[in-house]
file input-v6.txt (compact mmCIF, C-alpha atoms and all ligand atoms)
# COMPACT_ATOMS: atom_id res chain seq x y z
CA MET A 10 23.41 4.10 -2.56
CA THR A 11 24.93 3.33 0.83
CA TRP A 12 25.57 5.71 3.70
CA PHE A 13 28.00 6.09 6.54
CA CYS A 14 27.65 7.94 9.81
CA LYS A 15 30.18 9.15 12.34
CA ASP A 16 30.00 9.64 16.11
CA GLU A 17 32.37 9.64 19.10
CA GLU A 18 33.01 5.94 18.59
CA GLY A 19 34.03 6.42 15.00
CA GLU A 20 32.71 5.69 11.55
CA LYS A 21 29.81 3.28 11.06
CA GLY A 22 28.25 1.77 8.00
CA PRO A 23 27.48 1.10 5.26
CA PHE A 24 23.77 1.57 5.85
CA THR A 25 20.82 1.74 3.47
CA LYS A 26 18.44 4.68 3.67
CA ASP A 27 15.98 2.49 5.61
CA GLU A 28 18.63 1.40 8.09
CA LEU A 29 19.57 5.03 8.60
CA GLN A 30 15.92 5.84 9.21
CA ASN A 31 15.74 3.05 11.81
CA LEU A 32 18.80 4.46 13.58
CA VAL A 33 16.93 7.75 13.90
CA TYR A 34 13.87 5.95 15.30
CA GLU A 35 16.07 4.15 17.81
CA LYS A 36 17.66 7.53 18.62
CA THR A 37 21.11 6.10 17.89
CA ILE A 38 21.62 9.06 15.57
CA ASN A 39 19.78 12.36 15.09
CA ALA A 40 19.45 15.16 12.56
CA GLN A 41 22.80 16.59 13.72
CA THR A 42 24.75 13.35 13.21
CA LEU A 43 27.39 13.64 10.51
CA ILE A 44 26.77 11.38 7.55
CA ARG A 45 28.12 10.92 4.05
CA ASN A 46 27.29 8.62 1.16
CA GLU A 47 29.56 6.31 -0.76
CA ASN A 48 30.33 8.93 -3.41
CA GLU A 49 31.30 11.73 -1.07
CA ASN A 50 34.11 12.29 1.39
CA ASP A 51 32.64 15.32 3.15
CA TRP A 52 30.72 14.71 6.35
CA ARG A 53 27.56 16.79 6.76
CA PRO A 54 24.67 16.73 9.26
CA LEU A 55 21.89 14.33 8.32
CA LYS A 56 19.39 17.21 8.15
CA GLU A 57 21.24 18.61 5.13
CA PHE A 58 20.58 15.42 3.19
CA ALA A 59 17.09 14.72 4.47
CA HIS A 60 13.93 16.10 3.03
CA THR A 61 10.35 15.29 3.97
CA ASN A 62 7.00 15.87 2.38
CA THR A 63 5.39 18.02 5.04
CA LYS A 64 8.02 20.51 6.17
CA PRO A 65 10.65 20.89 3.46
CA ASP A 66 11.88 24.07 5.14
CA ASP A 67 12.55 22.39 8.48
CA PRO A 68 13.98 18.91 7.88
CA GLU A 69 15.61 18.85 11.31
CA GLN A 70 12.34 18.89 13.22
CA SER A 71 10.65 16.47 10.80
CA VAL A 72 13.47 13.95 11.09
CA GLU A 73 13.62 14.20 14.89
CA SER A 74 9.87 13.72 15.21
CA GLY A 75 10.24 10.38 13.47
CA GLU A 76 8.79 11.31 10.10
CA GLN A 77 9.79 9.31 7.04
CA PHE A 78 12.50 11.15 5.16
CA GLU A 79 14.24 10.83 1.82
CA LEU A 80 17.95 11.38 1.38
CA ASN A 81 19.41 13.51 -1.37
CA GLU A 82 22.34 11.68 -2.81
CA GLN A 83 24.02 15.00 -3.48
CA THR A 84 23.81 17.95 -1.16
CA SER A 85 23.18 20.98 -3.30
CA ILE A 86 25.37 23.31 -1.24
CA ASN A 87 28.62 23.31 -3.17
CA LYS A 88 27.72 21.31 -6.21
CA PRO A 89 26.18 22.49 -9.43
CA ILE A 90 23.26 20.33 -10.38
CA ASP A 91 23.27 19.25 -13.98
CA ASN A 92 20.84 16.99 -15.79
CA ARG A 93 22.90 13.86 -15.38
CA GLU A 94 22.94 14.21 -11.59
CA THR A 95 19.22 14.82 -11.48
CA GLU A 96 18.77 11.57 -13.37
CA THR A 97 20.94 9.75 -10.82
CA ASP A 98 18.65 11.09 -8.13
CA ALA A 99 15.66 9.34 -9.69
CA LEU A 100 17.36 5.95 -9.58
CA ARG A 101 16.08 3.48 -7.02
CA VAL A 102 18.27 0.94 -5.29
CA CYS A 103 16.91 -2.59 -5.13
CA SER A 104 16.75 -3.68 -1.50
CA GLN A 105 17.74 -7.23 -2.50
CA CYS A 106 20.65 -6.93 -4.94
CA ARG A 107 21.63 -3.28 -4.23
CA ARG A 108 21.76 -2.40 -7.94
CA SER A 109 20.25 0.89 -9.12
CA PHE A 110 17.30 1.08 -11.48
CA PRO A 111 15.10 3.81 -12.94
CA GLU A 112 11.97 4.30 -10.90
CA ASP A 113 9.68 2.68 -13.48
CA GLN A 114 11.64 -0.60 -13.39
CA VAL A 115 11.14 -1.32 -9.70
CA VAL A 116 8.19 -2.17 -7.49
CA THR A 117 7.71 -1.24 -3.87
CA PHE A 118 6.60 -3.79 -1.31
CA ASP A 119 6.10 -2.76 2.31
CA ASP A 120 8.65 0.08 1.98
CA GLN A 121 11.16 -2.16 0.22
CA ILE A 122 12.26 -1.48 -3.33
CA ILE A 123 12.51 -4.59 -5.48
CA CYS A 124 13.87 -4.80 -9.04
CA SER A 125 12.25 -7.02 -11.65
CA ASP A 126 15.12 -9.55 -11.40
CA CYS A 127 14.69 -10.01 -7.69
CA LYS A 128 10.90 -9.88 -7.68
CA PRO A 129 10.13 -13.59 -8.29
CA ALA A 130 12.44 -14.78 -5.49
CA PHE A 131 11.14 -12.07 -3.18
CA VAL A 132 7.49 -12.92 -3.83
CA GLN A 133 8.28 -16.57 -3.21
CA ARG A 134 9.85 -15.75 0.15
CA VAL A 135 6.86 -13.65 1.16
CA LYS A 136 4.57 -16.54 0.22
CA GLU A 137 6.62 -18.89 2.37
CA GLY A 138 6.16 -16.55 5.26
CA ALA A 139 9.58 -14.95 5.47
CA GLY A 140 8.07 -11.51 5.07
CA ILE A 141 5.24 -12.12 7.48
CA THR A 142 7.29 -13.60 10.30
CA THR A 143 8.55 -10.19 11.35
CA LEU A 144 4.96 -9.04 11.96
CA LEU A 145 4.34 -11.72 14.61
CA LYS A 146 4.54 -10.55 18.20
CA TYR A 147 6.35 -13.38 19.96
CA ALA A 148 5.26 -14.10 23.51
CA GLY A 149 7.96 -14.14 26.18
CA PHE A 150 8.72 -16.58 28.95
CA TRP A 151 6.67 -15.16 31.83
CA VAL A 152 3.35 -14.73 30.05
CA ARG A 153 3.72 -18.28 28.73
CA PHE A 154 4.54 -19.48 32.22
CA GLY A 155 1.28 -17.85 33.41
CA ALA A 156 -0.70 -19.58 30.66
CA LYS A 157 0.91 -22.91 31.55
CA PHE A 158 0.01 -22.40 35.19
CA ILE A 159 -3.67 -21.84 34.35
CA ASP A 160 -3.72 -24.92 32.09
CA GLY A 161 -2.06 -26.91 34.87
CA ILE A 162 -4.80 -26.01 37.35
CA ILE A 163 -7.56 -26.82 34.81
CA LEU A 164 -5.97 -30.21 34.05
CA LEU A 165 -5.58 -30.99 37.73
CA VAL A 166 -9.27 -30.25 38.33
CA ILE A 167 -10.30 -32.46 35.39
CA GLN A 168 -8.09 -35.30 36.59
CA TRP A 169 -9.51 -35.21 40.11
CA LEU A 170 -13.06 -35.03 38.77
CA ILE A 171 -12.31 -38.41 37.21
CA LEU A 172 -10.25 -39.86 40.05
CA ILE A 173 -12.38 -38.84 43.06
CA PRO A 174 -15.40 -40.92 41.95
CA LEU A 175 -13.02 -43.86 41.57
CA PHE A 176 -11.86 -43.37 45.15
CA MET A 177 -15.41 -42.98 46.37
CA SER A 178 -16.52 -46.18 44.70
CA GLY A 179 -14.04 -47.98 46.92
CA PHE A 180 -11.93 -48.86 43.94
CA GLY A 181 -8.86 -48.60 46.05
CA SER A 182 -7.11 -46.56 48.67
CA ILE A 183 -3.59 -45.30 48.82
CA THR A 184 -1.92 -45.57 52.17
CA GLY A 185 1.32 -44.08 50.96
CA ASN A 186 3.27 -47.20 51.84
CA PRO A 187 4.81 -48.55 48.60
CA ALA A 188 4.90 -52.13 49.88
CA GLU A 189 1.22 -52.08 50.71
CA ILE A 190 0.35 -50.41 47.44
CA ALA A 191 2.22 -53.08 45.53
CA SER A 192 0.50 -55.83 47.45
CA ASP A 193 -2.90 -54.30 46.90
CA SER A 194 -3.91 -54.93 43.32
CA LYS A 195 -6.73 -52.38 43.49
CA SER A 196 -4.34 -49.64 44.57
CA PHE A 197 -1.91 -50.68 41.89
CA MET A 198 -4.71 -50.44 39.33
CA LEU A 199 -5.62 -46.98 40.59
CA ILE A 200 -2.07 -45.76 40.17
CA ALA A 201 -2.00 -47.19 36.65
CA ILE A 202 -5.24 -45.37 35.81
CA GLN A 203 -3.92 -42.19 37.38
CA GLN A 204 -0.78 -42.42 35.26
CA LEU A 205 -2.76 -43.13 32.14
CA ILE A 206 -5.00 -40.13 32.77
CA GLY A 207 -1.95 -38.03 33.55
CA ILE A 208 -0.55 -38.79 30.11
CA THR A 209 -3.67 -38.86 27.95
CA MET A 210 -5.62 -35.95 29.46
CA PRO A 211 -2.99 -33.26 28.67
CA ALA A 212 -2.47 -34.79 25.21
CA ILE A 213 -6.19 -34.69 24.39
CA TYR A 214 -6.62 -31.27 25.97
CA THR A 215 -3.65 -29.71 24.12
CA THR A 216 -4.35 -31.37 20.78
CA PHE A 217 -8.03 -30.43 20.80
CA PHE A 218 -7.62 -26.80 21.84
CA LEU A 219 -4.51 -26.04 19.74
CA GLY A 220 -5.90 -27.79 16.66
CA ARG A 221 -9.34 -26.22 17.00
CA PHE A 222 -8.68 -22.75 18.49
CA ALA A 223 -4.86 -22.37 18.20
CA ALA A 224 -4.81 -21.83 21.97
CA THR A 225 -5.47 -23.78 25.17
CA PRO A 226 -7.80 -22.09 27.71
CA GLY A 227 -4.72 -20.91 29.64
CA LYS A 228 -3.23 -19.36 26.51
CA MET A 229 -6.61 -17.82 25.58
CA ALA A 230 -6.77 -16.24 29.03
CA CYS A 231 -3.31 -14.73 28.46
CA GLY A 232 -4.10 -13.60 24.91
CA LEU A 233 -1.67 -16.04 23.32
CA LYS A 234 -1.86 -18.51 20.47
CA VAL A 235 0.35 -21.19 18.95
CA VAL A 236 0.97 -20.72 15.25
CA ALA A 237 3.10 -21.98 12.37
CA PRO A 238 6.14 -19.81 11.46
CA ASP A 239 4.02 -18.03 8.84
CA GLY A 240 1.40 -17.12 11.44
CA GLY A 241 -1.09 -19.76 10.24
CA LYS A 242 -2.97 -22.30 12.31
CA ILE A 243 -1.30 -25.61 13.20
CA SER A 244 -2.85 -29.02 12.46
CA TYR A 245 -4.17 -31.44 15.10
CA LEU A 246 -1.25 -33.71 14.29
CA ARG A 247 1.32 -31.00 14.91
CA ALA A 248 -0.51 -30.05 18.10
CA LEU A 249 -0.24 -33.67 19.29
CA GLY A 250 3.42 -33.83 18.35
CA ARG A 251 4.04 -30.59 20.21
CA ASN A 252 2.44 -32.06 23.32
CA PHE A 253 4.95 -34.90 23.38
CA ALA A 254 7.83 -32.63 22.37
CA GLU A 255 7.08 -30.71 25.58
CA TRP A 256 8.08 -33.83 27.49
CA ILE A 257 11.61 -33.37 26.18
CA SER A 258 11.58 -29.73 27.31
CA ALA A 259 10.44 -30.90 30.76
CA ILE A 260 12.74 -33.92 31.12
CA ILE A 261 15.88 -31.82 30.79
CA PHE A 262 15.01 -29.96 34.01
CA PHE A 263 12.64 -27.61 32.12
CA ILE A 264 15.59 -26.09 30.28
CA GLY A 265 13.55 -26.59 27.10
CA TYR A 266 10.98 -24.12 28.46
CA ILE A 267 13.55 -21.65 29.74
CA MET A 268 15.07 -21.48 26.24
CA ALA A 269 12.07 -19.34 25.23
CA GLY A 270 13.47 -16.55 27.39
CA PHE A 271 16.65 -16.39 25.34
CA ASP A 272 15.58 -17.17 21.77
CA THR A 273 15.23 -14.34 19.23
CA GLU A 274 11.83 -15.72 18.22
CA LYS A 275 11.12 -16.77 21.83
CA ARG A 276 10.95 -20.43 20.88
CA ALA A 277 10.97 -23.09 23.56
CA MET A 278 12.64 -26.37 22.64
CA HIS A 279 9.29 -27.94 21.67
CA ASP A 280 8.63 -24.93 19.39
CA ARG A 281 11.94 -25.66 17.64
CA ILE A 282 11.17 -29.35 17.32
CA CYS A 283 7.66 -28.78 15.92
CA SER A 284 8.38 -25.53 14.10
CA THR A 285 5.80 -23.53 16.03
CA ARG A 286 5.76 -20.04 17.55
CA VAL A 287 3.80 -18.69 20.48
CA VAL A 288 2.50 -15.20 19.71
CA HIS A 289 0.29 -12.48 21.14
CA LYS A 290 -3.10 -12.30 19.46
ZN ZN A 301 17.43 -6.63 -7.39

call {"tool": "encode", "arguments": {"input": "input-v6.txt", "output": "structure tokens", "more": "lines below"}}
Ligand SMILES: [Zn+2]
result
Amino acid sequence: MTWFCKDEEGEKGPFTKDELQNLVYEKTINAQTLIRNENENDWRPLKEFAHTNTKPDDPEQSVESGEQFELNEQTSINKPIDNRETETDALRVCSQCRRSFPEDQVVTFDDQIICSDCKPAFVQRVKEGAGITTLLKYAGFWVRFGAKFIDGIILLVIQWLILIPLFMSGFGSITGNPAEIASDSKSFMLIAIQQLIGITMPAIYTTFFLGRFAATPGKMACGLKVVAPDGGKISYLRALGRNFAEWISAIIFFIGYIMAGFDTEKRAMHDRICSTRVVHK
């Protein structure tokens, strides 16, 4: 059974019962909004179709307060109810194929009605994570930026903890003059070590923390974690790959990071490449 609603902007639909319920939650429509179903041409307020478990005598208030409601496929006002119509009422519409089935031939999963034909495919999708994905709370750009900032400071401290003793040991000194640096093999060596640390430290740091705890210290501090699309933990290998995929996000003027602000699942470019998501714990 599909439904239509009507407001100043005109007719909208078709909607399922659940979609209609969502429109009420979003306050796009209310109990006064005129609706009809596919079998009827008369528009009537939603409250005349809706009935709830707690206050059957006052559907308007129940609907407006966000309670789950059922929709009568026939309004009883002008129509005689015979046995055949009562039977129709007991039919359930499969949320996948939209066919109607008697109540005992369908199963309900997380408020969705599934017929026996659609059940295997549906179960498979849930197993693959399609059904779980919607439960993840994706983390937006700014909180991730904060986490990155904290990680950046930690990494900087670690790098200097390694580099300062090298300076102190008279391993080399940087004057800032490129010609002198190039002519001084010790300084050149120091820069090489600095570069090497600059590449390997973040890689080790990210791979270890993401593989082990699903979050770097910065992300832990911000209550975030990096997960697979199904919400599961990622492997050390994927964590390492993600570290290098971040280079691509950074090389293109950090546009790869900014993408997270616009994506429906708040994926940065390296999340797309490695099939990861950053979520709130
Ligand atoms: Zn079906």

call {"tool": "atom_distance", "arguments": {"input": "input-v6.txt", "atom1": "atom CA of Thr25 of chain A", "atom2": "atom CA of Thr11 of chain A"}}
result
5.1 Å

call {"tool": "residues_near_ligand", "arguments": {"input": "input-v6.txt", "ligand": "ligand ZN 301 (chain A)", "cutoff": "9 Å", "atoms": "all atoms listed in the file", "output": "PyMOL selection string"}}
result
chain A and resi 102-110+115+122-128

call {"tool": "write_last_selection", "arguments": {"input": "input-v6.txt", "atoms": "C-alpha atoms", "output": "PDB file, in the frame of the given file"}}
result
ATOM      1  CA  VAL A 102      18.270   0.940  -5.290  1.00  0.00           C
ATOM      2  CA  CYS A 103      16.910  -2.590  -5.130  1.00  0.00           C
ATOM      3  CA  SER A 104      16.750  -3.680  -1.500  1.00  0.00           C
ATOM      4  CA  GLN A 105      17.740  -7.230  -2.500  1.00  0.00           C
ATOM      5  CA  CYS A 106      20.650  -6.930  -4.940  1.00  0.00           C
ATOM      6  CA  ARG A 107      21.630  -3.280  -4.230  1.00  0.00           C
ATOM      7  CA  ARG A 108      21.760  -2.400  -7.940  1.00  0.00           C
ATOM      8  CA  SER A 109      20.250   0.890  -9.120  1.00  0.00           C
ATOM      9  CA  PHE A 110      17.300   1.080 -11.480  1.00  0.00           C
ATOM     10  CA  VAL A 115      11.140  -1.320  -9.700  1.00  0.00           C
ATOM     11  CA  ILE A 122      12.260  -1.480  -3.330  1.00  0.00           C
ATOM     12  CA  ILE A 123      12.510  -4.590  -5.480  1.00  0.00           C
ATOM     13  CA  CYS A 124      13.870  -4.800  -9.040  1.00  0.00           C
ATOM     14  CA  SER A 125      12.250  -7.020 -11.650  1.00  0.00           C
ATOM     15  CA  ASP A 126      15.120  -9.550 -11.400  1.00  0.00           C
ATOM     16  CA  CYS A 127      14.690 -10.010  -7.690  1.00  0.00           C
ATOM     17  CA  LYS A 128      10.900  -9.880  -7.680  1.00  0.00           C
TER      18      LYS A 128
END

call {"tool": "atom_distance", "arguments": {"input": "input-v6.txt", "atom1": "atom CA of Met278 of chain A", "atom2": "atom CA of Gln204 of chain A"}}
result
24.4 Å

call {"tool": "residues_around", "arguments": {"input": "input-v6.txt", "residues": "Glu79 of chain A", "least_positions_apart": "6", "cutoff": "7 Å", "atoms": "only C-alpha atoms", "output": "list in words"}}
result
Ala59, His60 and Thr61 of chain A

call {"tool": "closest_residue", "arguments": {"input": "input-v6.txt", "among": "A:Phe253, A:Phe217, A:Tyr245, A:Trp169", "to": "Ile282 of chain A", "atoms": "all atoms listed in the file"}}
result
A:Phe253

call {"tool": "closest_residue", "arguments": {"input": "input-v6.txt", "among": "A:Ala156, A:Leu205, A:Arg101, A:Val287", "to": "Gln121 of chain A", "atoms": "only C-alpha atoms"}}
result
A:Arg101

call {"tool": "closest_residue", "arguments": {"input": "input-v6.txt", "among": "A:Met10, A:Ile213, A:Ala277, A:Ala237", "to": "Asn48 of chain A", "atoms": "only C-alpha atoms"}}
result
A:Met10

call {"tool": "atom_distance", "arguments": {"input": "input-v6.txt", "atom1": "atom CA of Val235 of chain A", "atom2": "atom CA of Arg286 of chain A"}}
result
5.7 Å

call {"tool": "residues_around", "arguments": {"input": "input-v6.txt", "residues": "Ser284 of chain A", "least_positions_apart": "2", "cutoff": "9 Å", "atoms": "all atoms listed in the file", "output": "list in words"}}
result
Val236, Ala237, Pro238, Arg247, Arg276, His279, Asp280, Arg281, Ile282 and Arg286 of chain A

call {"tool": "write_last_selection", "arguments": {"input": "input-v6.txt", "atoms": "C-alpha atoms", "output": "PDB file, in the coordinates of the input"}}
result
ATOM      1  CA  VAL A 236       0.970 -20.720  15.250  1.00  0.00           C
ATOM      2  CA  ALA A 237       3.100 -21.980  12.370  1.00  0.00           C
ATOM      3  CA  PRO A 238       6.140 -19.810  11.460  1.00  0.00           C
ATOM      4  CA  ARG A 247       1.320 -31.000  14.910  1.00  0.00           C
ATOM      5  CA  ARG A 276      10.950 -20.430  20.880  1.00  0.00           C
ATOM      6  CA  HIS A 279       9.290 -27.940  21.670  1.00  0.00           C
ATOM      7  CA  ASP A 280       8.630 -24.930  19.390  1.00  0.00           C
ATOM      8  CA  ARG A 281      11.940 -25.660  17.640  1.00  0.00           C
ATOM      9  CA  ILE A 282      11.170 -29.350  17.320  1.00  0.00           C
ATOM     10  CA  ARG A 286       5.760 -20.040  17.550  1.00  0.00           C
TER      11      ARG A 286
END

call {"tool": "closest_residue", "arguments": {"input": "input-v6.txt", "among": "A:Gln203, A:Gln168, A:Ser258, A:Asn81", "to": "Arg45 of chain A", "atoms": "only C-alpha atoms"}}
result
A:Asn81

call {"tool": "decode", "arguments": {"input": "input-v6.txt", "residues": "segment 22-50 of chain A", "atoms": "C-alpha atoms", "output": "CSV table (one decimal), in the first residue's frame"}}
result
chain,number,residue,atom,x,y,z
A,22,GLY,CA,4.3,10.6,-3.1
A,23,PRO,CA,4.1,7.7,-3.3
A,24,PHE,CA,5.3,7.0,0.2
A,25,THR,CA,5.3,3.9,2.3
A,26,LYS,CA,3.8,3.9,5.8
A,27,ASP,CA,7.3,4.2,7.3
A,28,GLU,CA,8.2,7.1,5.0
A,29,LEU,CA,5.0,8.8,6.0
A,30,GLN,CA,6.0,8.3,9.7
A,31,ASN,CA,9.4,9.8,9.0
A,32,LEU,CA,7.8,12.9,7.5
A,33,VAL,CA,5.8,13.3,10.7
A,34,TYR,CA,9.0,13.0,12.7
A,35,GLU,CA,10.7,15.6,10.5
A,36,LYS,CA,7.6,17.8,10.9
A,37,THR,CA,7.2,18.0,7.2
A,38,ILE,CA,3.6,16.9,7.7
A,39,ASN,CA,1.4,16.6,10.7
A,40,ALA,CA,-1.9,15.0,11.8
A,41,GLN,CA,-3.9,17.6,9.8
A,42,THR,CA,-2.1,17.0,6.5
A,43,LEU,CA,-4.4,15.6,3.9
A,44,ILE,CA,-3.4,12.2,2.7
A,45,ARG,CA,-4.9,9.4,0.6
A,46,ASN,CA,-3.8,5.9,-0.4
A,47,GLU,CA,-3.4,4.4,-3.8
A,48,ASN,CA,-7.0,3.0,-3.8
A,49,GLU,CA,-8.8,6.2,-2.8
A,50,ASN,CA,-9.3,9.5,-4.4
